[in-house]
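Participant: Contents of run21.tsv (TSV, C-alpha atoms and all ligand atoms) are given next:
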chain	number	residue	atom	x	y	z
A	1	MET	CA	15.38	-9.62	-13.39
A	2	THR	CA	14.31	-9.19	-9.77
A	3	VAL	CA	11.83	-6.40	-9.13
A	4	LYS	CA	13.14	-4.52	-6.09
A	5	ILE	CA	10.34	-3.47	-3.77
A	6	ALA	CA	10.28	-0.90	-0.95
A	7	VAL	CA	7.31	-0.68	1.41
A	8	LEU	CA	6.12	2.27	3.48
A	9	VAL	CA	4.14	1.39	6.59
A	10	SER	CA	2.74	2.93	9.76
A	11	GLY	CA	1.07	0.12	11.67
A	12	ASN	CA	0.24	-3.55	11.91
A	13	GLY	CA	1.54	-4.54	8.50
A	14	SER	CA	-0.90	-7.33	7.68
A	15	ASN	CA	-0.83	-6.29	4.02
A	16	LEU	CA	2.96	-6.31	4.11
A	17	GLN	CA	2.72	-9.83	5.54
A	18	ALA	CA	0.37	-10.95	2.76
A	19	ILE	CA	2.89	-9.74	0.16
A	20	ILE	CA	5.82	-11.37	1.98
A	21	ASP	CA	3.82	-14.63	2.09
A	22	SER	CA	3.09	-14.46	-1.64
A	23	ILE	CA	6.78	-14.00	-2.39
A	24	GLU	CA	7.74	-16.83	0.00
A	25	LYS	CA	5.21	-19.17	-1.63
A	26	GLY	CA	6.43	-18.27	-5.10
A	27	HIS	CA	3.11	-16.76	-6.19
A	28	ILE	CA	5.03	-13.55	-6.79
A	29	LYS	CA	8.21	-14.51	-8.62
A	30	ASN	CA	11.27	-12.43	-9.45
A	31	ALA	CA	10.61	-9.91	-6.71
A	32	ALA	CA	12.18	-9.06	-3.37
A	33	ILE	CA	11.28	-6.62	-0.63
A	34	ASN	CA	14.55	-4.82	0.04
A	35	VAL	CA	13.48	-2.31	2.63
A	36	VAL	CA	10.50	-1.43	4.85
A	37	ILE	CA	10.29	2.18	6.03
A	38	SER	CA	8.02	3.35	8.85
A	39	ASN	CA	7.04	6.74	10.21
A	40	LYS	CA	6.13	5.06	13.52
A	41	ALA	CA	8.82	3.61	15.76
A	42	ASN	CA	6.54	0.94	17.22
A	43	ALA	CA	4.89	-0.21	13.98
A	44	TYR	CA	4.46	-3.99	14.20
A	45	ALA	CA	5.14	-4.06	10.45
A	46	LEU	CA	8.82	-3.45	11.28
A	47	GLU	CA	8.90	-6.64	13.39
A	48	ARG	CA	7.27	-8.59	10.59
A	49	ALA	CA	9.95	-7.38	8.17
A	50	LYS	CA	12.80	-8.20	10.58
A	51	ASN	CA	11.44	-11.76	10.93
A	52	TYR	CA	12.31	-12.25	7.26
A	53	GLY	CA	15.66	-10.48	7.37
A	54	ILE	CA	14.28	-7.48	5.49
A	55	ASN	CA	16.04	-4.16	6.16
A	56	THR	CA	13.97	-1.74	8.20
A	57	VAL	CA	14.19	2.01	8.69
A	58	PHE	CA	12.28	4.16	11.15
A	59	LEU	CA	12.17	7.77	9.99
A	60	ASP	CA	11.03	10.05	12.78
A	61	PRO	CA	8.80	12.80	11.32
A	62	CYS	CA	9.78	15.06	14.24
A	63	GLU	CA	13.35	15.20	12.96
A	64	TYR	CA	12.57	16.64	9.50
A	65	ASP	CA	10.44	19.21	7.76
A	66	LYS	CA	8.08	17.78	5.12
A	67	ASP	CA	10.54	18.21	2.23
A	68	GLY	CA	13.45	16.84	4.23
A	69	TYR	CA	11.39	13.80	5.20
A	70	ASP	CA	10.52	12.97	1.61
A	71	ARG	CA	14.07	13.62	0.41
A	72	THR	CA	15.27	11.11	2.99
A	73	ILE	CA	12.75	8.54	1.78
A	74	LEU	CA	13.93	9.20	-1.77
A	75	LYS	CA	17.57	8.65	-0.78
A	76	ILE	CA	16.64	5.28	0.72
A	77	LEU	CA	14.63	4.31	-2.37
A	78	ASN	CA	17.65	5.16	-4.54
A	79	GLN	CA	20.04	3.38	-2.20
A	80	TYR	CA	18.05	0.15	-2.71
A	81	ASN	CA	17.55	0.72	-6.48
A	82	THR	CA	13.82	0.53	-5.90
A	83	ASP	CA	11.62	-0.44	-8.86
A	84	LEU	CA	8.28	-0.51	-7.05
A	85	LEU	CA	7.14	1.40	-3.97
A	86	LEU	CA	4.19	0.03	-1.98
A	87	LEU	CA	2.17	1.99	0.56
A	88	ALA	CA	0.78	-0.57	2.97
A	89	GLY	CA	-1.16	1.16	5.71
A	90	TYR	CA	1.06	4.25	5.45
A	91	PHE	CA	-0.71	7.13	7.11
A	92	ARG	CA	1.20	10.08	5.76
A	93	LEU	CA	0.96	11.94	2.49
A	94	LEU	CA	3.71	11.16	0.04
A	95	GLY	CA	5.50	14.17	-1.47
A	96	ASN	CA	4.98	15.08	-5.11
A	97	GLU	CA	8.65	14.66	-5.99
A	98	ILE	CA	8.58	10.96	-5.14
A	99	ILE	CA	5.29	10.53	-7.01
A	100	GLU	CA	6.75	12.25	-10.07
A	101	LEU	CA	10.00	10.28	-10.03
A	102	TYR	CA	8.20	6.98	-9.39
A	103	ARG	CA	5.21	7.68	-11.67
A	104	ASN	CA	3.17	4.48	-12.18
A	105	ARG	CA	5.52	2.64	-9.81
A	106	VAL	CA	3.84	3.55	-6.51
A	107	MET	CA	0.83	1.52	-5.35
A	108	ASN	CA	-1.53	1.98	-2.43
A	109	ILE	CA	-4.21	-0.18	-0.83
A	110	HIS	CA	-7.32	1.63	0.35
A	111	PRO	CA	-10.18	0.05	2.33
A	112	SER	CA	-13.07	1.31	0.21
A	113	LEU	CA	-14.43	1.01	-3.29
A	114	LEU	CA	-12.82	4.16	-4.68
A	115	PRO	CA	-13.77	6.81	-5.59
A	116	ALA	CA	-16.12	6.42	-2.62
A	117	PHE	CA	-14.84	7.16	0.88
A	118	LYS	CA	-11.39	8.58	0.29
A	119	GLY	CA	-9.12	9.54	3.14
A	120	LEU	CA	-9.03	8.36	6.72
A	121	HIS	CA	-11.38	5.82	8.34
A	122	ALA	CA	-12.85	4.67	5.04
A	123	GLN	CA	-14.56	1.65	6.59
A	124	LYS	CA	-16.23	3.85	9.23
A	125	GLN	CA	-17.32	6.30	6.54
A	126	ALA	CA	-18.88	3.45	4.51
A	127	PHE	CA	-20.52	1.86	7.55
A	128	GLU	CA	-22.01	5.13	8.72
A	129	TYR	CA	-23.20	5.99	5.22
A	130	GLY	CA	-25.22	2.76	5.24
A	131	VAL	CA	-23.83	1.20	2.07
A	132	LYS	CA	-24.90	-2.37	1.29
A	133	VAL	CA	-21.65	-3.20	-0.49
A	134	ALA	CA	-18.18	-2.16	0.66
A	135	GLY	CA	-14.72	-3.22	-0.43
A	136	CYS	CA	-11.13	-2.31	-1.16
A	137	THR	CA	-9.01	-0.90	-3.95
A	138	VAL	CA	-5.40	-1.16	-5.08
A	139	HIS	CA	-4.43	1.87	-7.15
A	140	PHE	CA	-1.43	3.68	-8.50
A	141	VAL	CA	-0.62	6.79	-6.51
A	142	ASP	CA	-0.88	10.20	-8.13
A	143	GLU	CA	-0.79	13.70	-6.65
A	144	GLY	CA	-4.40	13.57	-5.45
A	145	LEU	CA	-5.88	11.89	-2.39
A	146	ASP	CA	-6.63	8.22	-3.20
A	147	SER	CA	-7.25	9.33	-6.77
A	148	GLY	CA	-4.81	7.42	-9.00
A	149	PRO	CA	-5.68	4.80	-11.65
A	150	ILE	CA	-7.42	1.76	-10.19
A	151	ILE	CA	-5.64	-1.58	-10.56
A	152	LEU	CA	-7.89	-4.05	-8.73
A	153	GLN	CA	-11.00	-3.90	-6.54
A	154	ARG	CA	-12.94	-6.42	-4.50
A	155	CYS	CA	-16.32	-5.95	-2.91
A	156	VAL	CA	-17.84	-7.46	0.22
A	157	PRO	CA	-21.42	-7.34	1.47
A	158	VAL	CA	-22.44	-5.35	4.51
A	159	LEU	CA	-24.44	-7.88	6.52
A	160	PRO	CA	-27.20	-7.44	9.09
A	161	GLY	CA	-25.63	-7.22	12.54
A	162	ASP	CA	-22.31	-5.93	11.19
A	163	THR	CA	-20.31	-3.48	13.22
A	164	GLU	CA	-17.57	-1.25	11.90
A	165	GLU	CA	-15.12	-3.86	13.24
A	166	THR	CA	-16.69	-6.90	11.53
A	167	LEU	CA	-16.92	-4.98	8.26
A	168	THR	CA	-13.29	-3.85	8.57
A	169	ALA	CA	-12.18	-7.46	9.08
A	170	ARG	CA	-14.19	-8.65	6.05
A	171	ILE	CA	-12.63	-5.95	3.88
A	172	LEU	CA	-9.11	-6.70	5.18
A	173	GLU	CA	-9.41	-10.36	4.11
A	174	GLN	CA	-9.95	-9.16	0.54
A	175	GLU	CA	-7.10	-6.64	0.80
A	176	HIS	CA	-4.78	-9.56	1.53
A	177	ILE	CA	-5.86	-11.14	-1.76
A	178	ILE	CA	-5.81	-8.18	-4.14
A	179	TYR	CA	-2.63	-6.43	-2.98
A	180	PRO	CA	-0.34	-9.41	-3.63
A	181	GLU	CA	-2.23	-10.04	-6.87
A	182	ALA	CA	-1.62	-6.46	-8.05
A	183	VAL	CA	2.08	-6.79	-7.16
A	184	ARG	CA	2.25	-10.08	-9.09
A	185	LEU	CA	0.69	-8.46	-12.16
A	186	PHE	CA	3.19	-5.59	-11.93
A	187	THR	CA	6.20	-7.86	-11.55
A	188	GLU	CA	5.04	-9.90	-14.56
A	189	GLY	CA	4.71	-6.72	-16.64
A	190	LYS	CA	0.98	-7.25	-17.03
A	191	LEU	CA	-0.26	-3.79	-16.02
A	192	LYS	CA	-0.70	-1.29	-18.86
A	193	ILE	CA	-1.92	2.20	-18.04
A	194	GLU	CA	-4.10	3.86	-20.66
A	195	GLY	CA	-5.21	7.20	-19.25
A	196	ARG	CA	-7.10	6.40	-16.07
A	197	ASN	CA	-7.59	2.85	-17.17
A	198	VAL	CA	-5.29	0.07	-16.00
A	199	VAL	CA	-5.52	-2.83	-18.40
A	200	THR	CA	-4.47	-6.25	-17.09
A	301	LIG	C1	-5.58	-1.40	5.78
A	301	LIG	O1	-6.96	-1.61	5.97
A	301	LIG	C2	-5.37	-0.41	4.65
A	301	LIG	O2	-6.25	-0.54	3.60
A	301	LIG	C3	-5.59	0.89	5.37
A	301	LIG	O3	-4.98	0.72	6.62
A	301	LIG	C4	-4.99	-0.66	6.98
A	301	LIG	C5	-3.57	-1.10	7.24
A	301	LIG	O4	-3.56	-2.40	7.73
A	301	LIG	N1	-5.03	1.99	4.67
A	301	LIG	C6	-5.62	3.18	4.58
A	301	LIG	O5	-6.67	3.45	5.12
A	301	LIG	C7	-4.84	4.20	3.77
A	301	LIG	N2	-5.67	5.31	3.45
A	301	LIG	P1	-2.19	-3.22	7.80
A	301	LIG	O6	-1.16	-2.30	8.47
A	301	LIG	O7	-2.54	-4.39	8.65
A	301	LIG	O8	-1.78	-3.59	6.40
Output the file's structure as structure tokens, nothing else.
Facilitator:
Amino acid sequence: MTVKIAVLVSGNGSNLQAIIDSIEKGHIKNAAINVVISNKANAYALERAKNYGINTVFLDPCEYDKDGYDRTILKILNQYNTDLLLLAGYFRLLGNEIIELYRNRVMNIHPSLLPAFKGLHAQKQAFEYGVKVAGCTVHFVDEGLDSGPIILQRCVPVLPGDTEETLTARILEQEHIIYPEAVRLFTEGKLKIEGRNVVT
């Protein structure tokens, strides 16, 4: 059975690309990205998707109230019989109805070692805090902010001479490894959730 994936994006889409590449190379088997949805018209992620013949949808937040926006996302997810929803640099809160209906089937990538540095500009928060180790997290999405059960994490050192930009790039490299890996584990049925604990 093919796991049908939908991806929500807002920007560059390098994580989307990493997942597309993993599917193309056969590292992720029995999975297909059926639709990429963006809340930004000019998100480069949409171009990346089109390059692979993946359906794209731009949903303009100005045209809906919050509930209407999420209901429209839900309609699209249903239309594509979505099994797994991925947030890949999606900078908008997802409504509770989607989270409830897709419980344990929505993943997010966050550029910090959660539960540290939730929310926006996580790399900047970590850099300014002066941590010696930073990293990234793939987690299931629940109703809280970056608070769902953790699937995979990778850490990177903060090196002398680092800037927020060099640290961000070092973290992003690891994101591109763990997000496809988490998707692979999901598609192979290897993720079991026991309370807050995701057992692989
Ligand atoms: C990534 O670093 C991702 O972790 C982060 O946005 C970037 C998107 O890059 N997401 C968040 O901060 C969500 N809270 P991409 O568009 O190139 O994948």
Participant: As a PDB file with C-alpha atoms, keeping the file's coordinate frame, please: every protein or nucleic acid residue near ligand LIG 301 (chain A) (cut-off 9 Å, counting only C-alpha atoms and all ligand atoms).
Facilitator:
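Resulting contents of pocket_24.pdb:
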ATOM      1  CA  VAL A   9       4.140   1.390   6.590  1.00  0.00           C
ATOM      2  CA  SER A  10       2.740   2.930   9.760  1.00  0.00           C
ATOM      3  CA  GLY A  11       1.070   0.120  11.670  1.00  0.00           C
ATOM      4  CA  ASN A  12       0.240  -3.550  11.910  1.00  0.00           C
ATOM      5  CA  GLY A  13       1.540  -4.540   8.500  1.00  0.00           C
ATOM      6  CA  SER A  14      -0.900  -7.330   7.680  1.00  0.00           C
ATOM      7  CA  ASN A  15      -0.830  -6.290   4.020  1.00  0.00           C
ATOM      8  CA  LEU A  16       2.960  -6.310   4.110  1.00  0.00           C
ATOM      9  CA  GLN A  17       2.720  -9.830   5.540  1.00  0.00           C
ATOM     10  CA  ALA A  18       0.370 -10.950   2.760  1.00  0.00           C
ATOM     11  CA  ALA A  43       4.890  -0.210  13.980  1.00  0.00           C
ATOM     12  CA  TYR A  44       4.460  -3.990  14.200  1.00  0.00           C
ATOM     13  CA  ALA A  45       5.140  -4.060  10.450  1.00  0.00           C
ATOM     14  CA  LEU A  87       2.170   1.990   0.560  1.00  0.00           C
ATOM     15  CA  ALA A  88       0.780  -0.570   2.970  1.00  0.00           C
ATOM     16  CA  GLY A  89      -1.160   1.160   5.710  1.00  0.00           C
ATOM     17  CA  TYR A  90       1.060   4.250   5.450  1.00  0.00           C
ATOM     18  CA  PHE A  91      -0.710   7.130   7.110  1.00  0.00           C
ATOM     19  CA  ARG A  92       1.200  10.080   5.760  1.00  0.00           C
ATOM     20  CA  ASN A 108      -1.530   1.980  -2.430  1.00  0.00           C
ATOM     21  CA  ILE A 109      -4.210  -0.180  -0.830  1.00  0.00           C
ATOM     22  CA  HIS A 110      -7.320   1.630   0.350  1.00  0.00           C
ATOM     23  CA  PRO A 111     -10.180   0.050   2.330  1.00  0.00           C
ATOM     24  CA  SER A 112     -13.070   1.310   0.210  1.00  0.00           C
ATOM     25  CA  LYS A 118     -11.390   8.580   0.290  1.00  0.00           C
ATOM     26  CA  GLY A 119      -9.120   9.540   3.140  1.00  0.00           C
ATOM     27  CA  LEU A 120      -9.030   8.360   6.720  1.00  0.00           C
ATOM     28  CA  HIS A 121     -11.380   5.820   8.340  1.00  0.00           C
ATOM     29  CA  ALA A 122     -12.850   4.670   5.040  1.00  0.00           C
ATOM     30  CA  GLN A 123     -14.560   1.650   6.590  1.00  0.00           C
ATOM     31  CA  CYS A 136     -11.130  -2.310  -1.160  1.00  0.00           C
ATOM     32  CA  THR A 137      -9.010  -0.900  -3.950  1.00  0.00           C
ATOM     33  CA  VAL A 138      -5.400  -1.160  -5.080  1.00  0.00           C
ATOM     34  CA  LEU A 145      -5.880  11.890  -2.390  1.00  0.00           C
ATOM     35  CA  ASP A 146      -6.630   8.220  -3.200  1.00  0.00           C
ATOM     36  CA  THR A 168     -13.290  -3.850   8.570  1.00  0.00           C
ATOM     37  CA  ALA A 169     -12.180  -7.460   9.080  1.00  0.00           C
ATOM     38  CA  ILE A 171     -12.630  -5.950   3.880  1.00  0.00           C
ATOM     39  CA  LEU A 172      -9.110  -6.700   5.180  1.00  0.00           C
ATOM     40  CA  GLU A 175      -7.100  -6.640   0.800  1.00  0.00           C
ATOM     41  CA  HIS A 176      -4.780  -9.560   1.530  1.00  0.00           C
TER      42      HIS A 176
END
Participant: Within 6 Å of (1.4, 16.7, -3.7) (file coordinates; only C-alpha atoms), which protein or nucleic acid residues are there? I'd like them as a compact mmCIF listing (two decimals) with C-alpha atoms, keeping the file's coordinate frame.
Facilitator:
# COMPACT_ATOMS: atom_id res chain seq x y z
CA GLY A 95 5.50 14.17 -1.47
CA ASN A 96 4.98 15.08 -5.11
CA GLU A 143 -0.79 13.70 -6.65
Participant: Grab the CA of Val198 in chain A to CA of Ser147 in chain A distance for me, in Å with one decimal place.
Facilitator: 13.2 Å
Participant: Name the closest residue to Met107 in chain A among the candidates A:Leu77, A:Gly53, A:Ala6, A:Ala31; distances are taken between atoms, counting all atoms listed in the file.
Facilitator: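 Smallest distance to Met107 in chain A is found for A:Ala6.
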Participant: Env of Arg184 in chain A: 10 Å cut, atoms = all atoms listed in the file, seq-sep filter 6 positions within chain, self excluded. Answer as a ChimeraX atom specification.
Facilitator: /A:19,22-23,27-31,178,190-191
Participant: If I take CA of Arg103 in chain A and CA of Gln79 in chain A, how far is one from the other in Å, to one decimal?
Facilitator: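 Atom-to-atom, CA of Arg103 in chain A to CA of Gln79 in chain A, that is 18.1 Å.
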Participant: Just the number, please: distance in Å from CA of Arg71 in chain A to CA of Asn39 in chain A, one decimal.
Facilitator: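 If I compute the distance from CA of Arg71 in chain A to CA of Asn39 in chain A, I get 13.9 Å.
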Participant: Tell me which of A:Phe58, A:Leu85, A:Glu173, A:Leu93 sits closest to Ile5 in chain A, counting only C-alpha atoms.
Facilitator: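 So, comparing all the options, the nearest one is A:Leu85.
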